[in-house]
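Dumped protein.cif below, it's mmCIF, C-alpha atoms:
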data_run
loop_
_atom_site.label_atom_id
_atom_site.label_comp_id
_atom_site.auth_asym_id
_atom_site.auth_seq_id
_atom_site.Cartn_x
_atom_site.Cartn_y
_atom_site.Cartn_z
CA MET A 451 4.47 5.11 -13.64
CA PHE A 452 7.74 4.51 -11.79
CA ASP A 453 8.34 8.25 -11.37
CA GLN A 454 4.84 8.73 -9.96
CA LEU A 455 5.29 5.95 -7.41
CA GLN A 456 8.72 7.28 -6.49
CA ASP A 457 7.31 10.79 -5.94
CA TRP A 458 4.61 9.27 -3.73
CA GLN A 459 7.21 7.48 -1.62
CA LEU A 460 9.15 10.72 -1.19
CA GLN A 461 6.00 12.56 -0.10
CA ARG A 462 5.45 9.98 2.65
CA LEU A 463 9.06 10.03 3.86
CA GLY A 464 9.32 10.90 7.54
CA LYS A 465 5.56 11.36 7.96
CA PHE A 466 2.99 9.66 10.13
CA THR A 467 0.63 8.03 7.64
CA ALA A 468 -3.03 7.05 7.83
CA SER A 469 -2.26 3.37 7.32
CA GLU A 470 -0.12 3.27 10.49
CA ILE A 471 -1.64 6.08 12.55
CA HIS A 472 -3.21 3.47 14.84
CA ARG A 473 0.28 2.82 16.19
CA LEU A 474 0.10 6.19 17.96
CA ILE A 475 -3.27 5.54 19.61
CA GLY A 476 -3.68 4.03 23.05
CA GLY A 477 -1.21 5.73 25.36
CA GLY A 478 1.35 4.07 27.57
CA THR A 479 3.25 4.30 30.85
CA ARG A 480 6.64 5.31 32.23
CA PRO A 481 8.36 4.52 35.56
CA MET A 482 7.70 7.03 38.32
CA THR A 483 10.52 9.33 39.35
CA LYS A 484 11.85 9.15 42.91
CA ASP A 485 9.84 12.25 43.83
CA GLU A 486 6.66 10.72 42.38
CA LEU A 487 7.24 7.48 44.25
CA ASP A 488 7.75 9.38 47.51
CA ALA A 489 4.62 11.47 46.89
CA ARG A 490 2.26 8.49 46.67
CA SER A 491 -0.68 8.70 49.07
CA LYS A 492 -0.51 6.82 52.38
CA ASP A 493 -3.04 5.99 55.06
CA GLU A 494 -2.86 7.08 58.70
CA LYS A 495 -0.41 4.30 59.49
CA GLY A 496 1.90 5.22 56.63
CA LYS A 497 0.85 2.35 54.42
CA LEU A 498 0.74 3.09 50.69
CA LEU A 499 -2.77 3.39 49.32
CA SER A 500 -1.46 2.42 45.90
CA THR A 501 1.53 0.29 44.99
CA ARG A 502 1.61 1.57 41.44
CA THR A 503 5.10 2.52 40.22
CA THR A 504 4.24 3.86 36.76
CA VAL A 505 2.60 6.99 35.38
CA ASP A 506 0.24 7.13 32.42
CA THR A 507 1.79 8.86 29.41
CA PHE A 508 0.51 9.97 26.03
CA PHE A 509 2.95 7.61 24.33
CA GLY A 510 4.38 4.32 25.52
CA THR A 511 7.15 2.12 24.16
CA LYS A 512 5.17 0.95 21.13
CA GLN A 513 4.14 4.45 20.14
CA MET A 514 7.67 5.77 20.58
CA LEU A 515 8.98 3.03 18.29
CA TYR A 516 6.81 4.38 15.47
CA ILE A 517 7.98 7.93 16.21
CA LYS A 518 11.61 6.74 16.09
CA GLU A 519 10.95 5.05 12.73
CA LYS A 520 9.79 8.38 11.31
CA ALA A 521 12.83 10.11 12.80
CA ALA A 522 15.04 7.51 11.13
CA GLU A 523 13.44 8.24 7.76
CA ILE A 524 14.10 11.94 8.16
CA LEU A 525 17.69 11.41 9.24
CA THR A 526 18.51 8.81 6.57
CA GLN A 527 16.23 10.16 3.83
CA GLU A 528 15.23 6.59 3.09
CA PRO A 529 12.00 4.67 3.79
CA ASN A 530 12.19 2.61 6.96
CA ASN A 531 10.14 -0.51 6.24
CA GLY A 532 11.06 -2.32 9.44
CA GLY A 533 12.07 -5.39 7.44
CA ARG A 534 8.64 -5.70 5.85
CA ALA A 535 8.47 -6.77 2.21
CA ASN A 536 5.82 -7.43 -0.41
CA THR A 537 3.86 -10.61 0.19
CA TYR A 538 1.42 -12.75 -1.76
CA ALA A 539 -1.35 -11.12 0.27
CA MET A 540 -0.24 -7.65 -0.82
CA GLU A 541 0.08 -8.76 -4.44
CA TRP A 542 -3.42 -10.25 -4.30
CA GLY A 543 -4.83 -7.06 -2.86
CA ASN A 544 -3.15 -4.85 -5.43
CA ALA A 545 -4.30 -7.08 -8.28
CA ASN A 546 -7.97 -7.00 -7.23
CA GLU A 547 -8.38 -3.51 -5.79
CA HIS A 548 -9.41 -1.81 -9.03
CA ASP A 549 -11.95 -4.54 -9.77
CA ALA A 550 -13.37 -3.92 -6.29
CA VAL A 551 -13.84 -0.25 -7.11
CA ILE A 552 -15.57 -1.09 -10.39
CA ARG A 553 -17.85 -3.50 -8.59
CA PHE A 554 -18.66 -0.88 -5.94
CA GLU A 555 -19.55 1.66 -8.62
CA LYS A 556 -21.83 -0.89 -10.28
CA GLU A 557 -23.55 -1.76 -6.99
CA THR A 558 -24.05 1.81 -5.77
CA THR A 559 -23.92 3.99 -8.93
CA CYS A 560 -21.44 6.18 -7.00
CA LYS A 561 -18.36 7.32 -8.88
CA VAL A 562 -15.00 6.80 -7.16
CA GLU A 563 -11.97 8.98 -7.82
CA TYR A 564 -9.50 6.11 -7.56
CA PHE A 565 -5.92 6.58 -6.33
CA GLY A 566 -4.74 2.97 -6.32
CA GLY A 567 -2.30 1.11 -8.51
CA ALA A 568 0.04 3.43 -10.38
CA ASN A 569 -1.98 6.51 -9.44
CA PRO A 570 -1.40 7.04 -5.69
CA LYS A 571 -2.13 10.43 -4.16
CA PHE A 572 -0.81 11.69 -0.84
CA PHE A 573 -2.78 14.28 1.12
CA ASP A 574 -0.64 16.36 3.46
CA TYR A 575 -2.32 17.16 6.76
CA SER A 576 0.67 18.87 8.34
CA LYS A 577 4.43 18.95 7.97
CA PHE A 578 4.86 15.48 9.42
CA THR A 579 1.50 13.79 8.78
CA GLY A 580 -0.64 12.75 5.82
CA GLY A 581 -2.44 9.90 4.13
CA SER A 582 -3.21 8.09 0.90
CA PRO A 583 -6.87 7.05 0.63
CA ASP A 584 -7.77 4.48 -1.98
CA GLY A 585 -10.31 6.90 -3.36
CA LEU A 586 -12.76 9.73 -2.82
CA ILE A 587 -16.50 9.70 -3.44
CA GLY A 588 -18.02 13.09 -4.08
CA GLU A 589 -17.30 15.89 -1.63
CA TYR A 590 -17.94 14.06 1.63
CA THR A 591 -16.66 10.47 1.59
CA VAL A 592 -13.37 8.54 1.66
CA ALA A 593 -13.11 5.04 0.19
CA GLU A 594 -10.90 2.31 1.61
CA VAL A 595 -10.64 -1.01 -0.24
CA LYS A 596 -9.46 -4.32 1.20
CA CYS A 597 -9.16 -7.51 -0.84
CA PRO A 598 -8.26 -10.22 1.69
CA PHE A 599 -5.95 -12.99 0.53
CA ASN A 600 -7.63 -15.26 3.09
CA SER A 601 -11.31 -15.61 2.21
CA ALA A 602 -12.15 -16.22 5.87
CA VAL A 603 -11.16 -12.61 6.55
CA HIS A 604 -13.69 -11.44 3.96
CA ILE A 605 -16.32 -13.39 5.90
CA ASP A 606 -15.31 -11.45 9.01
CA HIS A 607 -15.74 -8.22 7.07
CA TYR A 608 -19.08 -9.34 5.68
CA MET A 609 -20.45 -9.88 9.18
CA LEU A 610 -19.66 -6.35 10.39
CA ASN A 611 -22.81 -4.29 10.89
CA ASP A 612 -21.79 -0.86 12.15
CA VAL A 613 -18.92 1.42 13.09
CA VAL A 614 -18.73 0.14 16.69
CA GLU A 615 -18.21 -3.43 15.51
CA PHE A 616 -15.78 -2.22 12.84
CA LYS A 617 -13.61 -0.33 15.34
CA GLU A 618 -13.60 -3.28 17.73
CA TYR A 619 -12.76 -5.74 14.96
CA SER A 620 -9.94 -3.71 13.40
CA PRO A 621 -8.69 -0.57 15.15
CA ALA A 622 -6.02 -0.30 12.44
CA TYR A 623 -8.54 -0.08 9.61
CA TYR A 624 -10.83 2.17 11.63
CA TRP A 625 -8.15 4.72 12.48
CA GLN A 626 -6.80 4.59 8.93
CA MET A 627 -10.19 5.64 7.65
CA VAL A 628 -10.72 8.26 10.37
CA ALA A 629 -7.32 9.71 9.54
CA ASN A 630 -8.04 9.93 5.82
CA ILE A 631 -11.43 11.48 6.56
CA LEU A 632 -9.58 14.15 8.55
CA PHE A 633 -6.75 14.59 6.06
CA THR A 634 -9.07 14.98 3.06
CA GLU A 635 -11.62 17.12 4.95
CA ARG A 636 -14.41 14.60 4.42
CA LYS A 637 -17.29 13.64 6.70
CA ALA A 638 -17.54 9.85 6.33
CA GLY A 639 -15.85 6.75 4.99
CA VAL A 640 -16.85 3.71 2.96
CA PHE A 641 -15.09 0.43 3.74
CA ILE A 642 -15.15 -1.98 0.80
CA SER A 643 -14.14 -5.62 1.20
CA TYR A 644 -13.97 -7.64 -2.01
CA ASP A 645 -13.29 -11.29 -2.77
CA PRO A 646 -14.15 -12.46 -6.32
CA ARG A 647 -13.66 -16.13 -5.37
CA PHE A 648 -17.08 -16.38 -3.67
CA ALA A 649 -19.45 -18.34 -5.88
CA ASP A 650 -22.43 -16.21 -4.85
CA GLU A 651 -21.82 -12.82 -6.45
CA GLU A 652 -23.78 -11.03 -3.73
CA LEU A 653 -21.24 -12.25 -1.19
CA GLN A 654 -18.24 -11.03 -3.15
CA ILE A 655 -18.49 -7.47 -1.88
CA LYS A 656 -19.19 -5.92 1.51
CA ILE A 657 -19.86 -2.19 1.77
CA LEU A 658 -19.91 -0.45 5.15
CA GLU A 659 -20.36 3.32 5.36
CA PHE A 660 -19.87 5.20 8.60
CA ALA A 661 -18.86 8.46 10.24
CA PRO A 662 -16.16 8.56 12.95
CA LEU A 663 -17.38 7.90 16.46
CA PRO A 664 -17.89 11.03 18.61
CA GLY A 665 -14.63 12.41 19.97
CA ASP A 666 -12.32 10.34 17.79
CA ILE A 667 -11.46 13.14 15.33
CA ASP A 668 -10.48 15.39 18.25
CA LEU A 669 -8.47 12.55 19.82
CA LEU A 670 -6.64 11.99 16.56
CA LYS A 671 -5.85 15.69 16.17
CA GLU A 672 -4.45 15.84 19.70
CA THR A 673 -2.43 12.67 19.15
CA ILE A 674 -0.88 14.03 15.96
CA VAL A 675 0.10 17.30 17.66
CA GLU A 676 1.82 15.44 20.50
CA ALA A 677 3.52 12.93 18.16
CA GLU A 678 4.92 15.69 15.98
CA LYS A 679 6.31 17.43 19.08
CA GLU A 680 8.01 14.20 20.16
CA LEU A 681 9.38 13.67 16.65
CA GLN A 682 10.89 17.14 16.43
CA VAL A 683 12.39 16.96 19.92
CA LEU A 684 13.92 13.57 19.14
CA ILE A 685 15.49 14.80 15.89
CA ALA A 686 16.83 17.94 17.58
CA LEU A 687 18.39 15.90 20.40
CA ILE A 688 20.12 13.57 17.95
CA ARG A 689 21.43 16.38 15.76
CA ASN A 690 22.67 18.36 18.78
CA ASP A 691 24.76 15.36 19.82
CA LEU A 692 26.78 15.53 16.61
#

Target format structure tokens, applied to this file:
Amino acid sequence: MFDQLQDWQLQRLGKFTASEIHRLIGGGTRPMTKDELDARSKDEKGKLLSTRTTVDTFFGTKQMLYIKEKAAEILTQEPNNGGRANTYAMEWGNANEHDAVIRFEKETTCKVEYFGGANPKFFDYSKFTGGSPDGLIGEYTVAEVKCPFNSAVHIDHYMLNDVVEFKEYSPAYYWQMVANILFTERKAGVFISYDPRFADEELQIKILEFAPLPGDIDLLKETIVEAEKELQVLIALIRNDL
């Protein structure tokens, strides 16, 4: 079991992963150069039509931080966890995830190829990107399981009705599922929220199936291409300074 988990960690080393791919989404800004500042449009009296001093960029400071974290993993050959450690919430989730899958199979009669616990599986999308879905259902669907430590969060999940609400509620979960749909060449995803502490058994599980919103797969592909370019340029610059 330890060897399998260790191999999984090595597979993820230096790669953008589905669980954090949302950190690349959203774009950013950079300060204008002197030439760009001078080229800003002016009216007939020479007054600036726009006082903006920044330019939209594919990646901003937050996105570049994630890219630098992946560069650090490649250069150190060690996972960069940013100071994050296991928490009670993570332990709770890990302890209940398999039960959630069993409950889902009972509710839907759909069989899940489960990759949780001691059986993680990493799907490479490219040299620097990949993901680890919680499971696969048939030939077309990815499964993602969440077991909230805070039962109020499960209530939030239970009240979600469609993919638009889901994306608005949790861009991180949404993009994680979109990424794993792409990486595993599936068409749709099933989000499963499970909390066995609810007295009413019907409320213990929430199942939401959806396909990615139009354009989001293409956006993700483009984002990955640009992020991998930035990553390789950054590593080359650092190594050339040696």

Which polymer residues have any atom within 10 Å of an atom of A:Ser601, counting only C-alpha atoms, with same-chain residues fewer than 4 positions away left out, as a compact mmCIF listing (two decimals) with C-alpha atoms, keeping the file's coordinate frame?
# COMPACT_ATOMS: atom_id res chain seq x y z
CA CYS A 597 -9.16 -7.51 -0.84
CA ILE A 605 -16.32 -13.39 5.90
CA ASP A 606 -15.31 -11.45 9.01
CA HIS A 607 -15.74 -8.22 7.07
CA TYR A 644 -13.97 -7.64 -2.01
CA ASP A 645 -13.29 -11.29 -2.77
CA PRO A 646 -14.15 -12.46 -6.32
CA ARG A 647 -13.66 -16.13 -5.37
CA PHE A 648 -17.08 -16.38 -3.67
CA GLN A 654 -18.24 -11.03 -3.15

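Applied to the file shown here, the PyMOL selection byres ((chain A and resi 563) around 8) selects A:Lys561, A:Val562, A:Tyr564, A:Phe565, A:Gly585, A:Leu586, A:Ile587.
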
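We find atom CA of A:Thr483 and atom CA of A:Thr503 to be spaced 8.7 Å apart.
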
Practice item. Work out how far apart atom CA of A:Met627 and atom CA of A:Thr526 are and give it in Å to one decimal. Key: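 Rounded to one decimal, the two atoms are 28.9 Å apart.
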
Study note, to complete from the structure: Students should find that atom CA of A:Lys577 and atom CA of A:Ala521 are spaced 13.1 Å

Residue rebuild result stretch 674-685 of chain A, all heavy atoms as a PDB file, in the coordinates of the input:
ATOM      1  N   ILE A 674      -1.819  13.590  17.008  1.00  0.00           N
ATOM      2  CA  ILE A 674      -0.880  14.030  15.960  1.00  0.00           C
ATOM      3  C   ILE A 674      -0.029  15.186  16.459  1.00  0.00           C
ATOM      4  O   ILE A 674       1.193  15.219  16.243  1.00  0.00           O
ATOM      5  CB  ILE A 674      -1.657  14.408  14.688  1.00  0.00           C
ATOM      6  CG1 ILE A 674      -2.242  13.158  14.034  1.00  0.00           C
ATOM      7  CG2 ILE A 674      -0.747  15.156  13.708  1.00  0.00           C
ATOM      8  CD1 ILE A 674      -3.230  13.443  12.918  1.00  0.00           C
ATOM      9  N   VAL A 675      -0.648  16.149  17.126  1.00  0.00           N
ATOM     10  CA  VAL A 675       0.100  17.300  17.660  1.00  0.00           C
ATOM     11  C   VAL A 675       1.199  16.815  18.607  1.00  0.00           C
ATOM     12  O   VAL A 675       2.362  17.242  18.508  1.00  0.00           O
ATOM     13  CB  VAL A 675      -0.849  18.277  18.385  1.00  0.00           C
ATOM     14  CG1 VAL A 675      -0.042  19.303  19.187  1.00  0.00           C
ATOM     15  CG2 VAL A 675      -1.744  18.989  17.376  1.00  0.00           C
ATOM     16  N   GLU A 676       0.844  15.924  19.520  1.00  0.00           N
ATOM     17  CA  GLU A 676       1.820  15.440  20.500  1.00  0.00           C
ATOM     18  C   GLU A 676       2.909  14.590  19.841  1.00  0.00           C
ATOM     19  O   GLU A 676       4.081  14.671  20.214  1.00  0.00           O
ATOM     20  CB  GLU A 676       1.113  14.634  21.593  1.00  0.00           C
ATOM     21  CG  GLU A 676       0.156  15.446  22.444  1.00  0.00           C
ATOM     22  CD  GLU A 676       0.836  16.619  23.139  1.00  0.00           C
ATOM     23  OE1 GLU A 676       1.986  16.438  23.605  1.00  0.00           O
ATOM     24  OE2 GLU A 676       0.230  17.698  23.204  1.00  0.00           O
ATOM     25  N   ALA A 677       2.534  13.773  18.854  1.00  0.00           N
ATOM     26  CA  ALA A 677       3.520  12.930  18.160  1.00  0.00           C
ATOM     27  C   ALA A 677       4.505  13.781  17.376  1.00  0.00           C
ATOM     28  O   ALA A 677       5.710  13.484  17.355  1.00  0.00           O
ATOM     29  CB  ALA A 677       2.798  11.951  17.235  1.00  0.00           C
ATOM     30  N   GLU A 678       4.015  14.826  16.748  1.00  0.00           N
ATOM     31  CA  GLU A 678       4.920  15.690  15.980  1.00  0.00           C
ATOM     32  C   GLU A 678       5.872  16.446  16.900  1.00  0.00           C
ATOM     33  O   GLU A 678       7.035  16.678  16.548  1.00  0.00           O
ATOM     34  CB  GLU A 678       4.104  16.649  15.120  1.00  0.00           C
ATOM     35  CG  GLU A 678       3.371  15.940  13.981  1.00  0.00           C
ATOM     36  CD  GLU A 678       2.727  16.890  12.989  1.00  0.00           C
ATOM     37  OE1 GLU A 678       2.660  18.107  13.292  1.00  0.00           O
ATOM     38  OE2 GLU A 678       2.310  16.431  11.912  1.00  0.00           O
ATOM     39  N   LYS A 679       5.406  16.813  18.096  1.00  0.00           N
ATOM     40  CA  LYS A 679       6.310  17.430  19.080  1.00  0.00           C
ATOM     41  C   LYS A 679       7.406  16.459  19.463  1.00  0.00           C
ATOM     42  O   LYS A 679       8.597  16.823  19.493  1.00  0.00           O
ATOM     43  CB  LYS A 679       5.519  17.835  20.327  1.00  0.00           C
ATOM     44  CG  LYS A 679       4.613  19.038  20.167  1.00  0.00           C
ATOM     45  CD  LYS A 679       3.884  19.320  21.479  1.00  0.00           C
ATOM     46  CE  LYS A 679       2.896  20.459  21.358  1.00  0.00           C
ATOM     47  NZ  LYS A 679       2.137  20.675  22.618  1.00  0.00           N
ATOM     48  N   GLU A 680       7.026  15.218  19.773  1.00  0.00           N
ATOM     49  CA  GLU A 680       8.010  14.200  20.160  1.00  0.00           C
ATOM     50  C   GLU A 680       9.011  13.961  19.032  1.00  0.00           C
ATOM     51  O   GLU A 680      10.219  13.815  19.275  1.00  0.00           O
ATOM     52  CB  GLU A 680       7.304  12.888  20.505  1.00  0.00           C
ATOM     53  CG  GLU A 680       6.485  12.916  21.784  1.00  0.00           C
ATOM     54  CD  GLU A 680       7.331  12.823  23.030  1.00  0.00           C
ATOM     55  OE1 GLU A 680       8.563  12.638  22.921  1.00  0.00           O
ATOM     56  OE2 GLU A 680       6.752  12.936  24.128  1.00  0.00           O
ATOM     57  N   LEU A 681       8.515  13.910  17.810  1.00  0.00           N
ATOM     58  CA  LEU A 681       9.380  13.670  16.650  1.00  0.00           C
ATOM     59  C   LEU A 681      10.407  14.786  16.502  1.00  0.00           C
ATOM     60  O   LEU A 681      11.611  14.522  16.307  1.00  0.00           O
ATOM     61  CB  LEU A 681       8.519  13.576  15.388  1.00  0.00           C
ATOM     62  CG  LEU A 681       9.267  13.399  14.061  1.00  0.00           C
ATOM     63  CD1 LEU A 681      10.037  12.087  14.054  1.00  0.00           C
ATOM     64  CD2 LEU A 681       8.286  13.452  12.900  1.00  0.00           C
ATOM     65  N   GLN A 682       9.972  16.020  16.610  1.00  0.00           N
ATOM     66  CA  GLN A 682      10.890  17.140  16.430  1.00  0.00           C
ATOM     67  C   GLN A 682      11.904  17.239  17.567  1.00  0.00           C
ATOM     68  O   GLN A 682      13.078  17.560  17.338  1.00  0.00           O
ATOM     69  CB  GLN A 682      10.080  18.438  16.307  1.00  0.00           C
ATOM     70  CG  GLN A 682       9.261  18.495  15.024  1.00  0.00           C
ATOM     71  CD  GLN A 682       8.376  19.715  14.940  1.00  0.00           C
ATOM     72  OE1 GLN A 682       8.820  20.790  14.522  1.00  0.00           O
ATOM     73  NE2 GLN A 682       7.127  19.571  15.359  1.00  0.00           N
ATOM     74  N   VAL A 683      11.462  16.956  18.784  1.00  0.00           N
ATOM     75  CA  VAL A 683      12.390  16.960  19.920  1.00  0.00           C
ATOM     76  C   VAL A 683      13.439  15.866  19.745  1.00  0.00           C
ATOM     77  O   VAL A 683      14.636  16.090  19.972  1.00  0.00           O
ATOM     78  CB  VAL A 683      11.626  16.761  21.247  1.00  0.00           C
ATOM     79  CG1 VAL A 683      12.592  16.445  22.386  1.00  0.00           C
ATOM     80  CG2 VAL A 683      10.806  17.995  21.571  1.00  0.00           C
ATOM     81  N   LEU A 684      12.998  14.686  19.327  1.00  0.00           N
ATOM     82  CA  LEU A 684      13.920  13.570  19.140  1.00  0.00           C
ATOM     83  C   LEU A 684      14.965  13.889  18.079  1.00  0.00           C
ATOM     84  O   LEU A 684      16.169  13.648  18.282  1.00  0.00           O
ATOM     85  CB  LEU A 684      13.124  12.319  18.730  1.00  0.00           C
ATOM     86  CG  LEU A 684      13.919  11.042  18.454  1.00  0.00           C
ATOM     87  CD1 LEU A 684      14.725  10.641  19.682  1.00  0.00           C
ATOM     88  CD2 LEU A 684      12.981   9.922  18.036  1.00  0.00           C
ATOM     89  N   ILE A 685      14.555  14.453  16.965  1.00  0.00           N
ATOM     90  CA  ILE A 685      15.490  14.800  15.890  1.00  0.00           C
ATOM     91  C   ILE A 685      16.471  15.869  16.358  1.00  0.00           C
ATOM     92  O   ILE A 685      17.675  15.796  16.100  1.00  0.00           O
ATOM     93  CB  ILE A 685      14.718  15.261  14.643  1.00  0.00           C
ATOM     94  CG1 ILE A 685      13.958  14.081  14.034  1.00  0.00           C
ATOM     95  CG2 ILE A 685      15.674  15.859  13.618  1.00  0.00           C
ATOM     96  CD1 ILE A 685      13.020  14.479  12.928  1.00  0.00           C
TER      97      ILE A 685
END
